Protein chains: 2
Amino acid sequence: MKKPILTIVFALCAVLSLNAQNSMLAGHTENSPVVNPDGTVTFRYYDPKAVKVQIRGDFLPKVSMQTNYGVFDAPIYQDMTEGRDGVWTFTTGVLIPQFYSYILVVDGEPKLDPSNVYMTRDISTLANCFIVTKEKGDRGSLYSVNDVPHGDVAKVWYNSPSLGMDRRMTVYTPAGYDPNGSKRYPVLYLLHGGGNDENAWQEQGRVCQILDNLIAEGKVVPMIVVMPNGNLTEQAAPGETPAGFFMPDMMRSGKPASVSYEESFPDIVKFVDRRYKTKASRKYRAMAGLSMGGFQTFETTMARPELIGWIGLFSPGPLIDWDDPTPAYDQFKANTRVMAGLKKVFDSKPDLYFTAIGDQERTQDLYDLNKVLGEIGFQYQTFTTTGAHEWRVWRDAVVEFTQKLFK
Amino acid sequence: MKKPILTIVFALCAVLSLNAQNSMLAGHTENSPVVNPDGTVTFRYYDPKAVKVQIRGDFLPKVSMQTNYGVFDAPIYQDMTEGRDGVWTFTTGVLIPQFYSYILVVDGEPKLDPSNVYMTRDISTLANCFIVTKEKGDRGSLYSVNDVPHGDVAKVWYNSPSLGMDRRMTVYTPAGYDPNGSKRYPVLYLLHGGGNDENAWQEQGRVCQILDNLIAEGKVVPMIVVMPNGNLTEQAAPGETPAGFFMPDMMRSGKPASVSYEESFPDIVKFVDRRYKTKASRKYRAMAGLSMGGFQTFETTMARPELIGWIGLFSPGPLIDWDDPTPAYDQFKANTRVMAGLKKVFDSKPDLYFTAIGDQERTQDLYDLNKVLGEIGFQYQTFTTTGAHEWRVWRDAVVEFTQKLFK
């Protein structure tokens, strides 16, 4: 018997294999990106016809842009330099350990790097990505797959009676979780932002790697993490529903769901407590979300404080009317529904009320929320980290938040 | 409270969002591909600078290519036509319902279609993909997500004592599967080919959609499908191991595993029977694989016939020495190890011995194996379908095979 046929591919490349067993390598690919020993990163792209090649990435300096929703970082376009061989290159400064993403811009047209097979998808938005890590425990290492026990990740369908449909969620069960065992686990319900779906925390959030690593270090209590789809009129991420492989209408339908997020949320809790080995009580349930998911967490914990003991709002919003010039603090105080809701949460004595934000975001409403929480008597905790309304902030937040849970 | 920020993206496009909450749409994308009402498909690609744009896809005519491993289909390069607006187009003939893949070739360089966010990955080989479907029950429909109950798909880590490492598998559990219920299920162990990994049957094989659809129609018995990683020196697919996000060495290491596939396989069965609600006996266990996985199935069922009752070899190989000019039949007959092994399988009275192959493959050794099986007394079943050594054959094979199982 001979060695079976193997497909040998010599470089990271983006070429077609119509025939998985006989892929024909074609096209010009470079070794790109490369993390150099000094901590800089070099990108290479072959295109002798191009007049101008640029790179846009979250490791480049940002241009602050004031919008109605706060100060955001607009990407800058960094020119790459053409060599005689038609290979354009750019080398960054020393990059701190992090998960980074980028694309190329070739004569004004955005392109994926043909030499880097790794990318993330956010609806229809693709970006190449890479990780810089220097040593164990740094951010890059925390976001990497390390030689530690791994939890399982499942795409799970459940029925939502309140929404009248089957819906998809991502569920992380920690290493050692045994559906037939007697050990029970606390649960973190982790919500994505507007425009994301049930894949986002796994893919852009790297939350499964973060938990694998922090659990292995003993810094995080082993827990189940449930990542539902927060878009109430949708069953699942694009491509995972009968809408099929095409997405003719990429826009959110805009049609409102029949019920609110907080009304539909108990369907998820019921399913999870029935399906998994959970500690099915408030003291062992956490809920956190980013942006839209932070808003949903804010509302759900006010509506059902008896369900959730540990609360995390990461860059939540909008919590107030941003078109209203009234200061956030005054808007909160004038909103009797919210004030009564927060009082109800406070009276229920949550184990943790945690808020987090990036220092380049519009921060005043969260800081004013903190002030309101303090006045009510919450021993809230707040966390500010470097960044705008972006994933590096939310990865930081989940690293911080999960280490506090169930302790 | 205002509506949370949504990222609105207007077209299928491959552009960067560094900031998931504020993706900035940029670049020129087309509506591509489009399945036209007459069943043709139109591709569009904007590139006014290009001198020549071609498309390569598995819906185009093939050029047969004789190799040592049989006759394979070499892709042809179809020229696209430039319009005045810099948009290159190509419209196919009427395509039969199927899952198709393609790339663009721009002045000789392979490129992904920037207008189509959907792609499959095979190690480092990317291709755009799309599905053509005309009516319920056709191949395109069978490979699509339909409005039927969905099974769950999990990426599961198990420990392999024989290989001395934690390894990753994909596990499909059918709709209705309940880890806390009393219902038990048969298991199909489904093996990938050389160059693939534990993601391949799910992604290129569309096997989760196939089973969801065929189970919903009552054509397939609800079963668990276990898709292990068949590369014995690897833990998991690229990017899912401590080798990390880069794949500096894309080649198979070539270093042999300490044990054979058939020696390591029982680790998987033990884990699955412990973890899942299985019917833990031979009568409720099937094993099938494509290409290298067919070879592994061939060997494993000879080594451990007491484990597996239902056997499927899809384009298996090589089962003989292809460099040896001796006819396959004579090679089989002269191989006392294989003849004794097959006799052992036969004596164990398997429920099914099923072989499948594409009519454009090197078929003689499988046909000669069938002949040998017949002489031994096997009531084997064989299935030939249109295609080369490629996924459309293996999707056909699994559709055929799974409908026979456990009945």
# chains A, B, ... in the order shown; residues from 1 in each chain; ligands from 1
>>> residues_around(residues="Thr173 in chain B", least_positions_apart="4", cutoff="10 Å", atoms="only C-alpha atoms", output="list in words")
Val156 of chain A; His150, Gly151, Asp152, Val153, Ala154, Tyr177, Asp178, Pro179, Tyr185, Val187, Cys208, Leu211, Asp212, Pro222, Met223, Ile224, Val225, Val226, Tyr276 and Lys277 of chain B
>>> closest_atom_pairs(of="range 153-216 of chain A", to="range 106-123 of chain A", cutoff="7 Å", atoms="only C-alpha atoms", output="tab-separated table")
residue	atom	partner	partner_atom	distance
A:Gly195	CA	A:Ile123	CA	7.0
A:Asn196	CA	A:Asp122	CA	6.2
A:Glu203	CA	A:Thr120	CA	6.6
A:Gln204	CA	A:Thr120	CA	6.7
>>> write_last_selection(atoms="C-alpha atoms", output="PDB file, in the first residue's frame")
ATOM      1  CA  GLY A 195     -24.399  44.128  13.004  1.00  0.00           C
ATOM      2  CA  ASN A 196     -22.867  41.025  14.602  1.00  0.00           C
ATOM      3  CA  GLU A 203     -14.466  34.787  15.962  1.00  0.00           C
ATOM      4  CA  GLN A 204     -13.654  38.441  16.567  1.00  0.00           C
TER       5      GLN A 204
END
>>> closest_residue(among="B:Gly86, B:Pro266, B:Pro325, B:Pro161", to="Ala303 in chain B", atoms="only C-alpha atoms")
B:Pro266
>>> select_by_dssp(residues="range 117-301 of chain A", states="helix (DSSP H, G or I)", output="PyMOL selection string")
chain A and resi 139-142+200-203+207-216+261-275+282-284+292-301
>>> residues_around(residues="Thr363 in chain B", least_positions_apart="6", cutoff="12 Å", atoms="only C-alpha atoms", output="ChimeraX atom specification")
/B:69-72,314-319,322,328,355-357,369-370,382-385,387-389
>>> write_last_selection(atoms="N, CA and C atoms", output="short mmCIF file (atom, residue, chain, number, x, y, z; two decimals), in the first residue's frame")
data_model
loop_
_atom_site.label_atom_id
_atom_site.label_comp_id
_atom_site.auth_asym_id
_atom_site.auth_seq_id
_atom_site.Cartn_x
_atom_site.Cartn_y
_atom_site.Cartn_z
N TYR B 69 -2.14 8.89 -10.76
CA TYR B 69 -3.23 8.55 -9.85
C TYR B 69 -4.57 8.51 -10.56
N GLY B 70 -4.56 8.43 -11.87
CA GLY B 70 -5.81 8.32 -12.59
C GLY B 70 -6.03 9.54 -13.46
N VAL B 71 -7.20 9.56 -14.05
CA VAL B 71 -7.56 10.66 -14.92
C VAL B 71 -8.21 11.73 -14.06
N PHE B 72 -7.64 12.91 -14.08
CA PHE B 72 -8.22 14.00 -13.31
C PHE B 72 -8.67 15.09 -14.26
N PHE B 314 -15.43 5.67 -0.29
CA PHE B 314 -15.72 6.63 -1.36
C PHE B 314 -14.40 6.99 -2.04
N SER B 315 -14.27 6.65 -3.31
CA SER B 315 -13.02 6.93 -4.05
C SER B 315 -11.80 6.59 -3.20
N PRO B 316 -11.77 5.43 -2.61
CA PRO B 316 -10.69 5.14 -1.65
C PRO B 316 -9.36 4.98 -2.37
N GLY B 317 -8.31 5.27 -1.66
CA GLY B 317 -7.08 4.99 -2.34
C GLY B 317 -5.86 5.67 -1.77
N PRO B 318 -4.75 5.22 -2.30
CA PRO B 318 -4.64 4.05 -3.17
C PRO B 318 -4.74 2.76 -2.33
N LEU B 319 -5.49 1.81 -2.85
CA LEU B 319 -5.62 0.51 -2.19
C LEU B 319 -4.58 -0.47 -2.70
N TRP B 322 0.05 1.91 -7.18
CA TRP B 322 -0.27 2.44 -8.50
C TRP B 322 0.97 2.51 -9.41
N ALA B 328 -4.77 -4.43 -10.94
CA ALA B 328 -5.24 -4.28 -9.56
C ALA B 328 -5.75 -5.61 -9.01
N THR B 355 -19.24 0.69 -1.89
CA THR B 355 -18.14 1.41 -2.53
C THR B 355 -18.72 2.42 -3.52
N ALA B 356 -18.01 3.53 -3.67
CA ALA B 356 -18.50 4.59 -4.56
C ALA B 356 -17.33 5.24 -5.28
N ILE B 357 -17.60 5.68 -6.50
CA ILE B 357 -16.52 6.31 -7.28
C ILE B 357 -17.12 7.21 -8.36
N LEU B 369 -11.53 -4.30 -6.78
CA LEU B 369 -11.84 -4.61 -5.38
C LEU B 369 -13.25 -5.19 -5.29
N ASN B 370 -14.19 -4.55 -6.00
CA ASN B 370 -15.57 -5.07 -6.01
C ASN B 370 -15.58 -6.53 -6.44
N THR B 382 -22.26 -1.12 -4.94
CA THR B 382 -21.36 -0.10 -5.51
C THR B 382 -22.17 0.97 -6.19
N PHE B 383 -21.61 2.17 -6.20
CA PHE B 383 -22.32 3.34 -6.68
C PHE B 383 -21.36 4.16 -7.52
N THR B 384 -21.73 4.43 -8.74
CA THR B 384 -20.90 5.26 -9.61
C THR B 384 -21.69 6.52 -9.96
N THR B 385 -21.04 7.64 -9.87
CA THR B 385 -21.72 8.89 -10.19
C THR B 385 -20.83 9.74 -11.08
N GLY B 387 -18.41 12.44 -12.25
CA GLY B 387 -17.44 13.34 -11.64
C GLY B 387 -16.07 12.71 -11.54
N ALA B 388 -15.13 13.55 -11.16
CA ALA B 388 -13.74 13.13 -11.00
C ALA B 388 -13.48 12.90 -9.52
N HIS B 389 -12.22 13.03 -9.13
CA HIS B 389 -11.86 12.84 -7.72
C HIS B 389 -12.16 14.15 -6.99
#
>>> closest_residue(among="A:Asp323, A:Glu234, A:Asp359, A:Glu375", to="chain B", atoms="only C-alpha atoms")
A:Asp323
>>> decode(residues="range 105-129 of chain A", atoms="N, CA and C atoms", output="compact mmCIF listing (two decimals), in the first residue's frame")
# COMPACT_ATOMS: atom_id res chain seq x y z
N VAL A 105 -5.45 48.12 0.05
CA VAL A 105 -6.23 48.99 -0.82
C VAL A 105 -5.38 49.24 -2.06
N VAL A 106 -5.80 48.64 -3.16
CA VAL A 106 -5.01 48.67 -4.39
C VAL A 106 -5.66 49.64 -5.37
N ASP A 107 -4.98 50.73 -5.62
CA ASP A 107 -5.53 51.79 -6.47
C ASP A 107 -6.97 52.11 -6.06
N GLY A 108 -7.14 52.22 -4.79
CA GLY A 108 -8.44 52.63 -4.26
C GLY A 108 -9.42 51.50 -3.99
N GLU A 109 -9.09 50.30 -4.49
CA GLU A 109 -10.01 49.17 -4.29
C GLU A 109 -9.56 48.31 -3.11
N PRO A 110 -10.45 48.07 -2.17
CA PRO A 110 -10.08 47.20 -1.05
C PRO A 110 -9.89 45.76 -1.52
N LYS A 111 -8.84 45.13 -1.04
CA LYS A 111 -8.54 43.74 -1.41
C LYS A 111 -8.10 43.00 -0.16
N LEU A 112 -8.43 41.73 -0.13
CA LEU A 112 -7.85 40.87 0.90
C LEU A 112 -6.41 40.55 0.49
N ASP A 113 -5.59 40.28 1.47
CA ASP A 113 -4.20 39.89 1.22
C ASP A 113 -4.19 38.46 0.68
N PRO A 114 -3.78 38.27 -0.58
CA PRO A 114 -3.83 36.91 -1.13
C PRO A 114 -2.85 35.95 -0.46
N SER A 115 -1.96 36.46 0.34
CA SER A 115 -0.98 35.59 1.01
C SER A 115 -1.40 35.18 2.42
N ASN A 116 -2.50 35.67 2.89
CA ASN A 116 -2.94 35.36 4.26
C ASN A 116 -4.32 34.74 4.23
N VAL A 117 -4.37 33.46 4.54
CA VAL A 117 -5.63 32.72 4.44
C VAL A 117 -6.56 33.05 5.61
N TYR A 118 -6.03 33.65 6.65
CA TYR A 118 -6.86 33.90 7.83
C TYR A 118 -7.61 35.21 7.73
N MET A 119 -8.89 35.12 8.02
CA MET A 119 -9.70 36.33 7.99
C MET A 119 -10.84 36.19 8.97
N THR A 120 -11.43 37.29 9.29
CA THR A 120 -12.65 37.27 10.07
C THR A 120 -13.76 37.83 9.20
N ARG A 121 -14.97 37.42 9.50
CA ARG A 121 -16.12 37.93 8.76
C ARG A 121 -17.08 38.58 9.73
N ASP A 122 -17.58 39.71 9.36
CA ASP A 122 -18.59 40.38 10.16
C ASP A 122 -19.72 40.72 9.20
N ILE A 123 -20.76 39.90 9.18
CA ILE A 123 -21.77 39.93 8.12
C ILE A 123 -21.03 39.73 6.81
N SER A 124 -20.99 40.73 5.96
CA SER A 124 -20.33 40.55 4.67
C SER A 124 -18.98 41.22 4.64
N THR A 125 -18.51 41.63 5.78
CA THR A 125 -17.28 42.40 5.84
C THR A 125 -16.11 41.51 6.22
N LEU A 126 -15.19 41.35 5.30
CA LEU A 126 -14.05 40.49 5.56
C LEU A 126 -12.80 41.31 5.84
N ALA A 127 -11.95 40.78 6.69
CA ALA A 127 -10.65 41.38 6.93
C ALA A 127 -9.65 40.27 7.21
N ASN A 128 -8.44 40.43 6.73
CA ASN A 128 -7.38 39.51 7.14
C ASN A 128 -7.01 39.80 8.58
N CYS A 129 -6.46 38.82 9.23
CA CYS A 129 -6.10 39.02 10.63
C CYS A 129 -4.83 38.28 10.98
